[in-house]
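Engineer: Data file entry07.tsv (TSV, C-alpha atoms and all ligand atoms) is appended below.
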chain	number	residue	atom	x	y	z
R	75	MET	CA	5.25	7.01	-22.07
R	76	LYS	CA	4.35	8.54	-18.70
R	77	GLY	CA	5.03	6.42	-15.62
R	78	LEU	CA	2.10	5.05	-13.64
R	79	PHE	CA	2.26	4.58	-9.88
R	80	LEU	CA	-0.38	2.11	-8.66
R	81	THR	CA	-0.70	0.98	-5.05
R	82	LEU	CA	-2.75	-1.72	-3.34
R	83	GLU	CA	-4.06	-1.18	0.18
R	84	GLY	CA	-6.33	-2.77	2.73
R	85	ILE	CA	-6.29	-4.50	6.08
R	86	ASP	CA	-4.44	-7.81	6.47
R	87	GLY	CA	-6.56	-10.61	5.00
R	88	ALA	CA	-8.37	-8.39	2.48
R	89	GLY	CA	-6.82	-10.36	-0.39
R	90	LYS	CA	-4.94	-7.65	-2.27
R	91	SER	CA	-1.79	-9.70	-2.85
R	92	SER	CA	-3.67	-12.36	-4.81
R	93	HIS	CA	-4.33	-9.87	-7.65
R	94	ILE	CA	-0.83	-8.49	-8.17
R	95	ASP	CA	0.21	-11.25	-10.62
R	96	ALA	CA	-2.81	-10.52	-12.79
R	97	LEU	CA	-2.18	-6.77	-12.69
R	98	GLU	CA	1.41	-7.29	-13.75
R	99	ALA	CA	0.29	-9.55	-16.62
R	100	LEU	CA	-2.35	-7.04	-17.71
R	101	PHE	CA	0.13	-4.16	-18.03
R	102	LYS	CA	2.80	-6.35	-19.65
R	103	ALA	CA	0.25	-7.44	-22.24
R	104	GLN	CA	-0.06	-3.74	-23.11
R	105	GLY	CA	3.68	-3.71	-23.79
R	106	ARG	CA	4.56	-1.83	-20.62
R	107	GLN	CA	7.53	-2.42	-18.36
R	108	VAL	CA	6.39	-3.22	-14.83
R	109	THR	CA	8.29	-2.74	-11.59
R	110	ARG	CA	6.62	-4.79	-8.92
R	111	THR	CA	7.49	-3.96	-5.36
R	112	ARG	CA	6.19	-3.64	-1.80
R	113	GLU	CA	6.36	-1.64	1.41
R	114	PRO	CA	7.89	-1.75	3.83
R	115	GLY	CA	10.59	-3.08	1.55
R	116	GLY	CA	11.67	-3.00	-2.07
R	117	THR	CA	15.41	-2.37	-1.49
R	118	PRO	CA	18.01	-4.21	0.61
R	119	ILE	CA	17.92	-1.50	3.30
R	120	ALA	CA	14.14	-1.30	3.30
R	121	GLU	CA	13.77	-5.10	3.46
R	122	THR	CA	16.10	-5.15	6.48
R	123	LEU	CA	13.96	-2.46	8.11
R	124	ARG	CA	10.82	-4.46	7.20
R	125	THR	CA	12.07	-7.45	9.17
R	126	MET	CA	12.68	-5.23	12.20
R	127	ILE	CA	9.29	-3.49	11.87
R	128	LEU	CA	7.30	-6.71	11.47
R	129	THR	CA	9.04	-8.77	14.13
R	130	GLN	CA	10.00	-6.45	16.98
R	131	PRO	CA	7.82	-4.51	19.38
R	132	MET	CA	8.64	-0.79	19.35
R	133	ASP	CA	6.99	2.49	20.20
R	134	PRO	CA	4.90	4.05	17.42
R	135	LEU	CA	7.29	6.93	16.71
R	136	THR	CA	10.20	4.52	16.26
R	137	GLU	CA	7.99	2.41	14.00
R	138	SER	CA	6.92	5.42	11.95
R	139	LEU	CA	10.50	6.64	11.55
R	140	LEU	CA	11.63	3.22	10.35
R	141	VAL	CA	8.69	2.93	7.94
R	142	PHE	CA	9.49	6.32	6.44
R	143	ALA	CA	13.23	5.60	6.35
R	144	ALA	CA	12.49	2.43	4.38
R	145	ARG	CA	10.14	4.43	2.13
R	146	ARG	CA	12.75	7.09	1.42
R	147	ASP	CA	15.29	4.51	0.27
R	148	HIS	CA	12.62	2.78	-1.81
R	149	ILE	CA	11.49	6.01	-3.49
R	150	VAL	CA	15.00	7.20	-4.30
R	151	ARG	CA	16.38	3.89	-5.55
R	152	VAL	CA	13.36	2.17	-7.10
R	153	ILE	CA	10.10	4.10	-7.47
R	154	GLU	CA	11.29	7.42	-8.88
R	155	PRO	CA	13.78	5.90	-11.35
R	156	ALA	CA	11.14	3.45	-12.61
R	157	LEU	CA	8.55	6.22	-13.06
R	158	ALA	CA	11.16	8.36	-14.84
R	159	ARG	CA	11.69	5.47	-17.27
R	160	GLY	CA	7.94	5.49	-17.95
R	161	GLU	CA	7.25	2.18	-16.22
R	162	VAL	CA	4.24	0.98	-14.30
R	163	VAL	CA	5.13	0.70	-10.61
R	164	LEU	CA	2.90	-1.81	-8.82
R	165	CYS	CA	3.45	-1.34	-5.12
R	166	ASP	CA	1.89	-3.53	-2.42
R	167	ARG	CA	1.13	-0.82	0.19
R	168	PHE	CA	2.50	2.72	0.52
R	169	THR	CA	1.91	5.74	2.78
R	170	ASP	CA	-1.83	5.18	3.21
R	171	ALA	CA	-0.83	2.09	5.22
R	172	THR	CA	1.22	4.27	7.56
R	173	PHE	CA	-1.74	6.56	8.25
R	174	ALA	CA	-3.99	3.52	8.67
R	175	TYR	CA	-1.69	1.28	10.78
R	176	GLN	CA	0.61	3.65	12.71
R	177	GLY	CA	-1.90	6.54	12.73
R	178	ALA	CA	-5.37	5.06	13.17
R	179	GLY	CA	-4.36	1.57	14.35
R	180	ARG	CA	-1.70	2.49	16.87
R	181	GLY	CA	-3.13	5.93	17.58
R	182	PHE	CA	-0.01	7.84	16.55
R	183	ASP	CA	-0.19	11.57	15.77
R	184	ALA	CA	-1.27	12.07	12.15
R	185	ALA	CA	0.30	15.54	12.09
R	186	VAL	CA	3.72	14.00	12.73
R	187	LEU	CA	3.05	11.45	9.99
R	188	SER	CA	2.15	14.28	7.60
R	189	THR	CA	5.43	16.02	8.42
R	190	LEU	CA	7.38	12.83	7.75
R	191	GLU	CA	5.39	12.32	4.53
R	192	GLN	CA	6.39	15.82	3.40
R	193	TRP	CA	10.07	15.20	4.20
R	194	VAL	CA	10.15	11.84	2.46
R	195	GLN	CA	7.81	12.42	-0.49
R	196	GLY	CA	8.09	16.19	-1.04
R	197	ARG	CA	9.77	17.35	-4.23
R	198	PRO	CA	12.77	19.52	-3.34
R	199	ASP	CA	11.81	22.38	-5.70
R	200	ASP	CA	8.11	22.97	-4.95
R	201	GLY	CA	7.30	20.51	-2.14
R	202	ALA	CA	4.71	18.64	-4.26
R	203	LEU	CA	4.16	15.17	-2.79
R	204	LEU	CA	4.95	11.99	-4.67
R	205	GLN	CA	1.63	10.14	-4.46
R	206	PRO	CA	0.24	7.10	-6.26
R	207	ASP	CA	-1.76	7.84	-9.41
R	208	ILE	CA	-4.28	5.24	-8.36
R	209	THR	CA	-4.81	3.29	-5.16
R	210	LEU	CA	-6.87	0.10	-5.16
R	211	TRP	CA	-8.35	-0.11	-1.69
R	212	PHE	CA	-9.50	-3.62	-0.82
R	213	ASP	CA	-12.24	-2.97	1.69
R	214	LEU	CA	-13.32	-5.92	3.80
R	215	SER	CA	-14.89	-6.13	7.24
R	216	PRO	CA	-12.28	-6.84	9.92
R	217	GLU	CA	-14.27	-9.88	11.05
R	218	LEU	CA	-14.18	-11.47	7.59
R	219	ALA	CA	-10.52	-10.59	7.17
R	220	ALA	CA	-9.71	-12.28	10.49
R	221	GLU	CA	-11.56	-15.40	9.35
R	222	ARG	CA	-9.58	-15.47	6.13
R	223	LEU	CA	-6.29	-15.02	7.98
R	224	ALA	CA	-7.01	-17.66	10.60
R	225	GLY	CA	-4.72	-20.62	10.16
R	226	ALA	CA	-3.33	-19.30	6.86
R	227	ARG	CA	0.22	-18.99	8.17
R	228	LEU	CA	2.18	-17.82	11.19
R	229	PRO	CA	0.89	-14.27	11.82
R	230	ASP	CA	3.38	-11.37	11.96
R	231	LYS	CA	3.29	-8.54	14.48
R	232	PHE	CA	0.30	-6.78	12.92
R	233	GLU	CA	-1.59	-9.86	11.77
R	234	SER	CA	-1.73	-11.11	15.35
R	235	GLN	CA	-3.46	-7.94	16.56
R	236	PRO	CA	-7.05	-8.22	17.82
R	237	VAL	CA	-10.00	-7.38	15.58
R	238	GLU	CA	-10.43	-3.96	17.30
R	239	PHE	CA	-7.04	-2.95	15.95
R	240	PHE	CA	-8.20	-3.75	12.41
R	241	ARG	CA	-11.44	-1.86	12.96
R	242	ARG	CA	-9.36	1.23	13.63
R	243	VAL	CA	-7.08	0.51	10.65
R	244	ALA	CA	-10.12	0.06	8.39
R	245	ALA	CA	-11.54	3.37	9.64
R	246	GLY	CA	-8.16	4.96	8.91
R	247	TYR	CA	-8.31	3.72	5.31
R	248	ALA	CA	-11.87	4.98	4.93
R	249	GLN	CA	-10.75	8.40	6.12
R	250	ARG	CA	-7.80	8.49	3.68
R	251	ALA	CA	-10.11	7.39	0.87
R	252	ALA	CA	-12.61	10.14	1.66
R	253	ALA	CA	-9.81	12.72	1.63
R	254	ALA	CA	-8.44	11.56	-1.75
R	255	ALA	CA	-11.56	10.38	-3.55
R	256	THR	CA	-10.15	10.65	-7.08
R	257	ARG	CA	-7.01	8.68	-6.28
R	258	PHE	CA	-8.76	5.92	-4.32
R	259	VAL	CA	-10.81	3.15	-5.88
R	260	ARG	CA	-12.83	1.19	-3.33
R	261	ILE	CA	-12.93	-2.49	-4.14
R	262	ASP	CA	-15.55	-4.57	-2.34
R	263	ALA	CA	-13.20	-7.33	-1.23
R	264	GLY	CA	-16.03	-9.38	0.27
R	265	GLN	CA	-16.99	-10.61	-3.21
R	266	SER	CA	-15.57	-13.66	-4.97
R	267	ARG	CA	-12.07	-13.50	-6.41
R	268	ASP	CA	-13.45	-13.23	-9.97
R	269	GLN	CA	-15.82	-10.45	-9.01
R	270	VAL	CA	-13.02	-8.58	-7.26
R	271	TRP	CA	-10.94	-8.83	-10.44
R	272	GLN	CA	-13.88	-7.54	-12.50
R	273	GLN	CA	-14.07	-4.52	-10.19
R	274	ILE	CA	-10.36	-3.89	-10.73
R	275	GLU	CA	-10.74	-4.12	-14.51
R	276	ALA	CA	-13.71	-1.75	-14.42
R	277	ALA	CA	-11.74	0.77	-12.36
R	278	LEU	CA	-8.80	0.61	-14.76
R	279	ALA	CA	-11.09	0.89	-17.78
R	280	ALA	CA	-12.73	3.97	-16.28
R	281	ARG	CA	-9.30	5.58	-16.18
R	282	GLY	CA	-8.32	4.51	-19.68
R	283	LEU	CA	-5.78	1.99	-18.37
R	284	MET	CA	-7.09	-1.17	-20.03
R	285	GLY	CA	-5.17	-0.54	-23.25
R	286	SER	CA	-6.81	-0.76	-26.67
R	287	ARG	CA	-8.42	-4.17	-26.20
O	1	LIG	P1	1.66	-7.14	4.03
O	1	LIG	O1	1.71	-6.01	3.05
O	1	LIG	O2	0.32	-7.61	4.41
O	1	LIG	O3	2.59	-8.26	3.46
O	1	LIG	P2	2.37	-9.80	3.62
O	1	LIG	O4	1.22	-10.09	2.71
O	1	LIG	O5	3.68	-10.36	3.17
O	1	LIG	O6	2.07	-10.03	5.08
O	1	LIG	O7	2.47	-6.84	5.38
O	1	LIG	C1	2.96	-5.65	5.72
O	1	LIG	C2	2.51	-5.29	7.09
O	1	LIG	O8	3.10	-4.04	7.42
O	1	LIG	C3	1.00	-5.11	7.20
O	1	LIG	O9	0.54	-5.72	8.41
O	1	LIG	C4	0.83	-3.61	7.33
O	1	LIG	C5	2.14	-3.14	7.90
O	1	LIG	N1	2.50	-1.78	7.47
O	1	LIG	C6	2.49	-0.76	8.40
O	1	LIG	O10	2.17	-0.97	9.57
O	1	LIG	N2	2.83	0.52	8.00
O	1	LIG	C7	3.19	0.80	6.72
O	1	LIG	O11	3.49	1.97	6.40
O	1	LIG	C8	3.21	-0.26	5.77
O	1	LIG	C9	3.61	0.00	4.36
O	1	LIG	C10	2.85	-1.54	6.18
Show me the file's structure as structure tokens.
Structural biologist:
Amino acid sequence: MKGLFLTLEGIDGAGKSSHIDALEALFKAQGRQVTRTREPGGTPIAETLRTMILTQPMDPLTESLLVFAARRDHIVRVIEPALARGEVVLCDRFTDATFAYQGAGRGFDAAVLSTLEQWVQGRPDDGALLQPDITLWFDLSPELAAERLAGARLPDKFESQPVEFFRRVAAGYAQRAAAAATRFVRIDAGQSRDQVWQQIEAALAARGLMGSR
């Protein structure tokens, strides 16, 4: 069985995390092994870096280097081995978040991010990039996302950013989606939770990923 690399993306408050349990259950019901993970994070080193990234102010290059360092460890220790075993890897955020948050949100140079992406995700033999097979992009207006986040819990470094920051991040996601239209699936995250799940099922069915049910 070929591995499947599925990522979830979107601005903070878009609601992606609330569907990961159901995705895991769906693939397990098909008899597949599922590795469920997140970025930044997914290994002891990457989780340590996550805490630094999400709690401490730092310049955008430092932040980008730490994000990609965490990603490298995560790819080598978790993602690639799981894909090689033929598993489904469900990853809450990946490199699109770096282009959206560090690139568009913080205004950091996308060309530098692309270089780091090539170093970290490039195959040694031919340079081909490790990329998700499918990216569920939870698209929600920054205003609605802010409403949903308000009072939910203590905000981290990014969650406490003003709505203008999330407008730029959302634009960054839209740009990534336009550049990789076959990989990205836009989910209208403004709909009800059930309707959002129906959109996810429809997207998976369209790619033959709903099993034989
Ligand atoms: P998030 O995925 O929303 O987790 P939680 O639901 O536990 O808050 O938090 C991760 C934060 O990290 C989010 O605000 C986006 C940010 N982030 C980046 O800035 N760059 C990245 O490359 C990644 C993966 C995440």
Engineer: Hey, which of R:Leu223, R:Val150, R:Leu78, R:Ala99 ends up closest to ligand LIG 1 (chain O)? Count all atoms listed in the file.
Structural biologist: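 Counting all atoms listed in the file, the residue closest to ligand LIG 1 (chain O) is R:Leu223.
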Engineer: From the options R:Leu80, R:Ala156, R:Ala144, R:Met284, which residue's atoms come nearest to Val194 of chain R, counting only C-alpha atoms?
Structural biologist: R:Ala144
Engineer: With all atoms listed in the file as the atoms that count, which of R:Ser92, R:Gln195, R:Gln249, R:Ser188 lies nearest to ligand LIG 1 (chain O)?
Structural biologist: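 Smallest distance to ligand LIG 1 (chain O) is found for R:Ser92.
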Engineer: Within 10 Å of ligand LIG 1 (chain O) (counting only C-alpha atoms and all ligand atoms), which residues show up? I'd like them as a VMD selection string.
Structural biologist: chain R and resid 82 to 92 112 to 115 124 to 125 127 to 128 134 137 to 142 144 to 145 165 to 177 179 to 180 227 to 235 240 243
Engineer: List the spatial neighbours of Arg260 of chain R as a ChimeraX atom specification - criterion: any atom at most 12 Å away, only C-alpha atoms, same-chain residues fewer than 6 positions off excluded.
Structural biologist: /R:82-84,90,208-214,247-248,250-252,254,270,273-274,276-277
Engineer: Kindly indicate which residue among R:Thr129, R:His93, R:Gly105, R:Arg151 lies nearest to Thr117 of chain R, using all atoms listed in the file for the distances.
Structural biologist: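 Closest residue, counting all atoms listed in the file: R:Arg151.
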Engineer: My list of candidates is R:Leu283, R:Ala96, R:Ile149, R:Val237. Which is closest to Ala224 of chain R when distances are computed with only C-alpha atoms?
Structural biologist: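 That would be R:Val237, the residue with the smallest distance to Ala224 of chain R.
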Engineer: Could you check the closest approach to Ala143 of chain R for each of R:Asp207, R:Thr122, R:Glu217, R:Ala280 and tell me which residue wins, using only C-alpha atoms?
Structural biologist: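 Answer, going by the shortest atom-to-atom distance: R:Thr122.
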Engineer: For atom CA of Ile119 of chain R and atom CA of Ile153 of chain R, quote the distance in Å rounded to one decimal.
Structural biologist: 14.4 Å
Engineer: In Å to one decimal, how far is atom CA of Asp268 of chain R from atom CA of Ala103 of chain R?
Structural biologist: 19.3 Å
Engineer: Determine, counting only C-alpha atoms, which protein, DNA and RNA residues have an atom within 9 Å of an atom of Lys76 of chain R; residues of the same chain fewer than 4 positions away are not included. Present the result as a PyMOL selection string.
Structural biologist: chain R and resi 157-162
